[in-house]
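Step one of this worksheet: look at the structure below.
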Amino acid sequence: MQLLLTAATQFELQPTLDFLDSQRVKFPDWEVHALIGGVGIASTTYSLTTELLQRRPSVIMQAGIAGTLSPALLNAASPAVVAVNQDCFADAGVWQNEQWNDLFDLGLLDENAFPYTNRFLKNPWQQLLQHTHLQHVTGVTVQEITTQPQRIAWYEQNSSMVVESMEGAALHYVCLQQQVPFLQLRAVSNIIGERDKKNWRMKEAIAALNETLIRTINTICNLDETEFRL
């Protein structure tokens with residue numbers, strides 16, 4: 001069995017890599033590999049696809065920080081870590097007539113054409129998600145980080161999104177296409193639209209993310225292979 005850990009940047013994953021190396025953790029039936037896939041949809045899609053052409057992991061875990069619309073997830077003693085249950089390419093479309101029209105609204109995609117379900121890229125490995133013991137949330141993936149008040153207000157009024165990243169939907173898309181079990185874990189570091197990084201909790205988010213990631217790796221690598229079936 002093979003577990004692939006992936007993140008956009010090295011620093012998001014480094015504490016876990018250091019732990020695995022320093023402890024020389026060994027799981028009898030597992031090999032654990034890491035992939036730094038790069039920032040953004042294109043880099044993530046390319047790096048994951050290339051990796052899957054070389055070897056087929058039993059499960060892929062993507063970890064990273066994210067912005068959120070929910071202050072409660074950020075303002076606790078430690079920033080929240082969540083599991084993204086469904087994601088989408090949120091800025092593929094057009095803003096017109098004071099509203100957002102995505103590719104489904106424009107008639108360019110069927111909202112239930114594989115790999116989409118009701119417009120989202122949903123993680124069907126629900127049993128695997130349950131083993132994270134994390135809150136399951138809706139994510140959106142963008143190529144341009146959201147800063148415009150009009151767009152933020154639209155999200156708040158018209159979507160169920162909780163976290164925003166630049167890579168999550170790419171993971172969902174590739175893994176659904178290839179039928180590889182996956183998890184997307186996100187630690188919230190900032191409120192969406194907040195560009196003053198003095199108000200971000202980057203250090204705390206990365207610490208919380210990697211603490212959760214290490215715990216989840218231990219859980220996953222002690223599961224029976226039947227847990228990874230649909």
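Note on naming: chains are A, B, ... as they come in the structure tokens, residues start from 1 per chain, ligands start from 1 in the order shown.
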Q.
For segment 3-16 of chain A, find every residue with an atom within 8 Å (counting only C-alpha atoms), except residues of its own chain fewer than 5 positions away, and show them as a list in words.
A.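 Contacts, with the query itself left out: Trp30, Glu31, Val32, His33, Ala34, Leu35, Ile36, Gly37, Gly38, Val39, Gly40, Thr44, Pro57, Ser58, Val59, Ile60, Met61, Gln62, Ala63, Gly64, Ile65, Glu167, Ile206, Ala207, Asn210, Glu211, Leu213 and Ile214 of chain A.
Near Phe120 of chain A, within 9 Å and counting only C-alpha atoms, sit A:Gln86, A:Asp87, A:Cys88, A:Phe89, A:Glu111, A:Asn112, A:Pro115, A:Tyr116, A:Thr117, A:Asn118, A:Lys122, A:Ala169, not including residues fewer than 2 positions from it in the same chain.
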Fewer than 2 positions away in the same chain doesn't count, so skip those; otherwise give me all residues within 8 Å of Leu128 of chain A, counting only C-alpha atoms, as a PDB file with N, CA, C and O atoms, in the first residue's frame.
```
ATOM      1  N   TRP A 125     -15.382   8.834  -1.132  1.00  0.00           N
ATOM      2  CA  TRP A 125     -14.827   7.930  -0.124  1.00  0.00           C
ATOM      3  C   TRP A 125     -15.219   8.440   1.263  1.00  0.00           C
ATOM      4  O   TRP A 125     -14.388   8.869   2.061  1.00  0.00           O
ATOM      5  N   GLN A 126     -16.519   8.367   1.551  1.00  0.00           N
ATOM      6  CA  GLN A 126     -17.044   8.923   2.787  1.00  0.00           C
ATOM      7  C   GLN A 126     -16.533   8.185   4.028  1.00  0.00           C
ATOM      8  O   GLN A 126     -16.320   8.799   5.081  1.00  0.00           O
ATOM      9  N   GLN A 130     -14.608   9.925   7.225  1.00  0.00           N
ATOM     10  CA  GLN A 130     -15.018   9.784   8.622  1.00  0.00           C
ATOM     11  C   GLN A 130     -13.826   9.517   9.540  1.00  0.00           C
ATOM     12  O   GLN A 130     -13.823   9.929  10.706  1.00  0.00           O
ATOM     13  N   HIS A 131     -12.806   8.863   9.019  1.00  0.00           N
ATOM     14  CA  HIS A 131     -11.638   8.528   9.838  1.00  0.00           C
ATOM     15  C   HIS A 131     -10.787   9.745  10.171  1.00  0.00           C
ATOM     16  O   HIS A 131      -9.894   9.644  11.023  1.00  0.00           O
ATOM     17  N   THR A 132     -11.035  10.883   9.527  1.00  0.00           N
ATOM     18  CA  THR A 132     -10.283  12.090   9.873  1.00  0.00           C
ATOM     19  C   THR A 132     -10.779  12.710  11.174  1.00  0.00           C
ATOM     20  O   THR A 132     -10.052  13.461  11.826  1.00  0.00           O
ATOM     21  N   LEU A 183      -7.990  12.519   0.274  1.00  0.00           N
ATOM     22  CA  LEU A 183      -8.438  13.418   1.337  1.00  0.00           C
ATOM     23  C   LEU A 183      -7.823  14.786   1.090  1.00  0.00           C
ATOM     24  O   LEU A 183      -6.660  14.877   0.681  1.00  0.00           O
ATOM     25  N   GLU A 227     -11.091  -0.466   3.634  1.00  0.00           N
ATOM     26  CA  GLU A 227     -11.576   0.874   3.961  1.00  0.00           C
ATOM     27  C   GLU A 227     -11.436   1.840   2.790  1.00  0.00           C
ATOM     28  O   GLU A 227     -12.019   2.939   2.795  1.00  0.00           O
ATOM     29  N   PHE A 228     -10.679   1.459   1.769  1.00  0.00           N
ATOM     30  CA  PHE A 228     -10.413   2.347   0.656  1.00  0.00           C
ATOM     31  C   PHE A 228     -11.266   2.012  -0.572  1.00  0.00           C
ATOM     32  O   PHE A 228     -11.056   2.557  -1.657  1.00  0.00           O
TER      33      PHE A 228
END
```
Q. So how far away is atom CA of Cys221 of chain A from atom CA of Phe27 of chain A, in Å?
A. 6.6 Å
**Q.** Nearest to Tyr173 of chain A by atom-to-atom distance, counting only C-alpha atoms, from A:Asn101, A:Trp95, A:Arg56, A:Asn123
**A.** A:Asn123
Mind running segment 29-75 of chain A against segment 149-162 of chain A at 8 Å and telling me each contacting residue's nearest atom pair with the distance in Å (one decimal), counting only C-alpha atoms, chain and number ascending, as JSON lines?
```
{"residue": "A:Thr68", "atom": "CA", "partner": "A:Val162", "partner_atom": "CA", "distance": 5.5}
{"residue": "A:Leu69", "atom": "CA", "partner": "A:Val162", "partner_atom": "CA", "distance": 5.6}
{"residue": "A:Ser70", "atom": "CA", "partner": "A:Val162", "partner_atom": "CA", "distance": 6.5}
```
Q: Report the residues of segment 13-226 of chain A whose backbone DSSP state falls under strand (DSSP E), written as a PyMOL selection string.
A: chain A and resi 31-36+59-68+81-87+93-96+99-102+121-122+135-141+161-165+182-191
Q: Within segment 33-140 of chain A, find each residue whose DSSP state, derived from the backbone, is helix (DSSP H, G or I), and express the selection as a list in words.
A: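 Here is the list: Ile41, Ala42, Ser43, Thr44, Thr45, Tyr46, Ser47, Leu48, Thr49, Thr50, Glu51, Leu52, Leu53, Gln54, Pro71, Ala72, Leu73, Leu74, Gln126, Gln127, Leu128, Leu129 and Gln130 of chain A.
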Using the selection just defined, write its residues with N, CA, C and O atoms as a PDB file, in the first residue's frame.
```pdb
ATOM      1  N   ILE A  41      -3.823  25.623  -9.822  1.00  0.00           N
ATOM      2  CA  ILE A  41      -4.530  24.523 -10.466  1.00  0.00           C
ATOM      3  C   ILE A  41      -3.657  23.799 -11.483  1.00  0.00           C
ATOM      4  O   ILE A  41      -3.584  22.566 -11.490  1.00  0.00           O
ATOM      5  N   ALA A  42      -2.985  24.551 -12.347  1.00  0.00           N
ATOM      6  CA  ALA A  42      -2.205  23.925 -13.422  1.00  0.00           C
ATOM      7  C   ALA A  42      -1.070  23.085 -12.862  1.00  0.00           C
ATOM      8  O   ALA A  42      -0.870  21.931 -13.269  1.00  0.00           O
ATOM      9  N   SER A  43      -0.312  23.649 -11.903  1.00  0.00           N
ATOM     10  CA  SER A  43       0.814  22.910 -11.327  1.00  0.00           C
ATOM     11  C   SER A  43       0.355  21.661 -10.609  1.00  0.00           C
ATOM     12  O   SER A  43       0.964  20.595 -10.733  1.00  0.00           O
ATOM     13  N   THR A  44      -0.733  21.775  -9.860  1.00  0.00           N
ATOM     14  CA  THR A  44      -1.244  20.631  -9.111  1.00  0.00           C
ATOM     15  C   THR A  44      -1.739  19.534 -10.042  1.00  0.00           C
ATOM     16  O   THR A  44      -1.446  18.352  -9.843  1.00  0.00           O
ATOM     17  N   THR A  45      -2.483  19.912 -11.060  1.00  0.00           N
ATOM     18  CA  THR A  45      -2.996  18.927 -12.015  1.00  0.00           C
ATOM     19  C   THR A  45      -1.855  18.207 -12.717  1.00  0.00           C
ATOM     20  O   THR A  45      -1.860  16.975 -12.852  1.00  0.00           O
ATOM     21  N   TYR A  46      -0.863  18.970 -13.155  1.00  0.00           N
ATOM     22  CA  TYR A  46       0.274  18.362 -13.861  1.00  0.00           C
ATOM     23  C   TYR A  46       1.059  17.438 -12.942  1.00  0.00           C
ATOM     24  O   TYR A  46       1.372  16.296 -13.315  1.00  0.00           O
ATOM     25  N   SER A  47       1.394  17.905 -11.749  1.00  0.00           N
ATOM     26  CA  SER A  47       2.247  17.110 -10.858  1.00  0.00           C
ATOM     27  C   SER A  47       1.536  15.833 -10.413  1.00  0.00           C
ATOM     28  O   SER A  47       2.151  14.757 -10.369  1.00  0.00           O
ATOM     29  N   LEU A  48       0.249  15.925 -10.094  1.00  0.00           N
ATOM     30  CA  LEU A  48      -0.484  14.731  -9.678  1.00  0.00           C
ATOM     31  C   LEU A  48      -0.634  13.736 -10.818  1.00  0.00           C
ATOM     32  O   LEU A  48      -0.466  12.528 -10.634  1.00  0.00           O
ATOM     33  N   THR A  49      -0.952  14.234 -12.007  1.00  0.00           N
ATOM     34  CA  THR A  49      -1.109  13.339 -13.159  1.00  0.00           C
ATOM     35  C   THR A  49       0.202  12.644 -13.483  1.00  0.00           C
ATOM     36  O   THR A  49       0.235  11.432 -13.746  1.00  0.00           O
ATOM     37  N   THR A  50       1.290  13.400 -13.454  1.00  0.00           N
ATOM     38  CA  THR A  50       2.603  12.812 -13.719  1.00  0.00           C
ATOM     39  C   THR A  50       2.934  11.738 -12.691  1.00  0.00           C
ATOM     40  O   THR A  50       3.433  10.658 -13.030  1.00  0.00           O
ATOM     41  N   GLU A  51       2.645  12.021 -11.426  1.00  0.00           N
ATOM     42  CA  GLU A  51       2.904  11.047 -10.361  1.00  0.00           C
ATOM     43  C   GLU A  51       2.083   9.777 -10.566  1.00  0.00           C
ATOM     44  O   GLU A  51       2.595   8.660 -10.390  1.00  0.00           O
ATOM     45  N   LEU A  52       0.833   9.934 -10.961  1.00  0.00           N
ATOM     46  CA  LEU A  52      -0.030   8.770 -11.150  1.00  0.00           C
ATOM     47  C   LEU A  52       0.365   7.937 -12.359  1.00  0.00           C
ATOM     48  O   LEU A  52       0.069   6.742 -12.426  1.00  0.00           O
ATOM     49  N   LEU A  53       1.041   8.543 -13.312  1.00  0.00           N
ATOM     50  CA  LEU A  53       1.556   7.784 -14.449  1.00  0.00           C
ATOM     51  C   LEU A  53       2.751   6.920 -14.056  1.00  0.00           C
ATOM     52  O   LEU A  53       3.025   5.908 -14.694  1.00  0.00           O
ATOM     53  N   GLN A  54       3.443   7.318 -12.984  1.00  0.00           N
ATOM     54  CA  GLN A  54       4.625   6.597 -12.543  1.00  0.00           C
ATOM     55  C   GLN A  54       4.299   5.518 -11.527  1.00  0.00           C
ATOM     56  O   GLN A  54       4.899   4.454 -11.514  1.00  0.00           O
ATOM     57  N   PRO A  71     -15.392  33.199  10.587  1.00  0.00           N
ATOM     58  CA  PRO A  71     -14.460  33.663  11.634  1.00  0.00           C
ATOM     59  C   PRO A  71     -14.305  32.679  12.774  1.00  0.00           C
ATOM     60  O   PRO A  71     -13.239  32.611  13.393  1.00  0.00           O
ATOM     61  N   ALA A  72     -15.332  31.913  13.069  1.00  0.00           N
ATOM     62  CA  ALA A  72     -15.262  30.969  14.186  1.00  0.00           C
ATOM     63  C   ALA A  72     -14.161  29.932  13.981  1.00  0.00           C
ATOM     64  O   ALA A  72     -13.580  29.427  14.953  1.00  0.00           O
ATOM     65  N   LEU A  73     -13.872  29.597  12.733  1.00  0.00           N
ATOM     66  CA  LEU A  73     -12.829  28.611  12.451  1.00  0.00           C
ATOM     67  C   LEU A  73     -11.434  29.168  12.676  1.00  0.00           C
ATOM     68  O   LEU A  73     -10.472  28.420  12.816  1.00  0.00           O
ATOM     69  N   LEU A  74     -11.328  30.475  12.697  1.00  0.00           N
ATOM     70  CA  LEU A  74     -10.025  31.127  12.832  1.00  0.00           C
ATOM     71  C   LEU A  74      -9.766  31.634  14.236  1.00  0.00           C
ATOM     72  O   LEU A  74      -8.624  31.706  14.681  1.00  0.00           O
ATOM     73  N   GLN A 126     -16.519   8.367   1.551  1.00  0.00           N
ATOM     74  CA  GLN A 126     -17.044   8.923   2.787  1.00  0.00           C
ATOM     75  C   GLN A 126     -16.533   8.185   4.028  1.00  0.00           C
ATOM     76  O   GLN A 126     -16.320   8.799   5.081  1.00  0.00           O
ATOM     77  N   GLN A 127     -16.318   6.902   3.917  1.00  0.00           N
ATOM     78  CA  GLN A 127     -15.797   6.149   5.058  1.00  0.00           C
ATOM     79  C   GLN A 127     -14.398   6.630   5.419  1.00  0.00           C
ATOM     80  O   GLN A 127     -14.053   6.765   6.600  1.00  0.00           O
ATOM     81  N   LEU A 128     -13.600   6.932   4.403  1.00  0.00           N
ATOM     82  CA  LEU A 128     -12.261   7.456   4.626  1.00  0.00           C
ATOM     83  C   LEU A 128     -12.331   8.836   5.273  1.00  0.00           C
ATOM     84  O   LEU A 128     -11.579   9.149   6.205  1.00  0.00           O
ATOM     85  N   LEU A 129     -13.250   9.670   4.809  1.00  0.00           N
ATOM     86  CA  LEU A 129     -13.432  10.995   5.393  1.00  0.00           C
ATOM     87  C   LEU A 129     -13.792  10.905   6.871  1.00  0.00           C
ATOM     88  O   LEU A 129     -13.330  11.716   7.688  1.00  0.00           O
ATOM     89  N   GLN A 130     -14.608   9.925   7.225  1.00  0.00           N
ATOM     90  CA  GLN A 130     -15.018   9.784   8.622  1.00  0.00           C
ATOM     91  C   GLN A 130     -13.826   9.517   9.540  1.00  0.00           C
ATOM     92  O   GLN A 130     -13.823   9.929  10.706  1.00  0.00           O
TER      93      GLN A 130
END
```
Q | Within 7 Å of Leu134 of chain A using only C-alpha atoms, minus same-chain residues under 2 positions, as an NGL selection string | A | :A and (82-83 or 132 or 136)
Q. Can you tell me how far atom CA of Val163 of chain A sits from atom CA of Ala208 of chain A, in Å to one decimal?
A.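 Computed distance, atom CA of Val163 of chain A to atom CA of Ala208 of chain A, equals 15.8 Å.
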Q: Figure out the distance between atom CA of Ala92 of chain A and atom CA of Phe182 of chain A, please, to one decimal in Å.
A: 23.3 Å
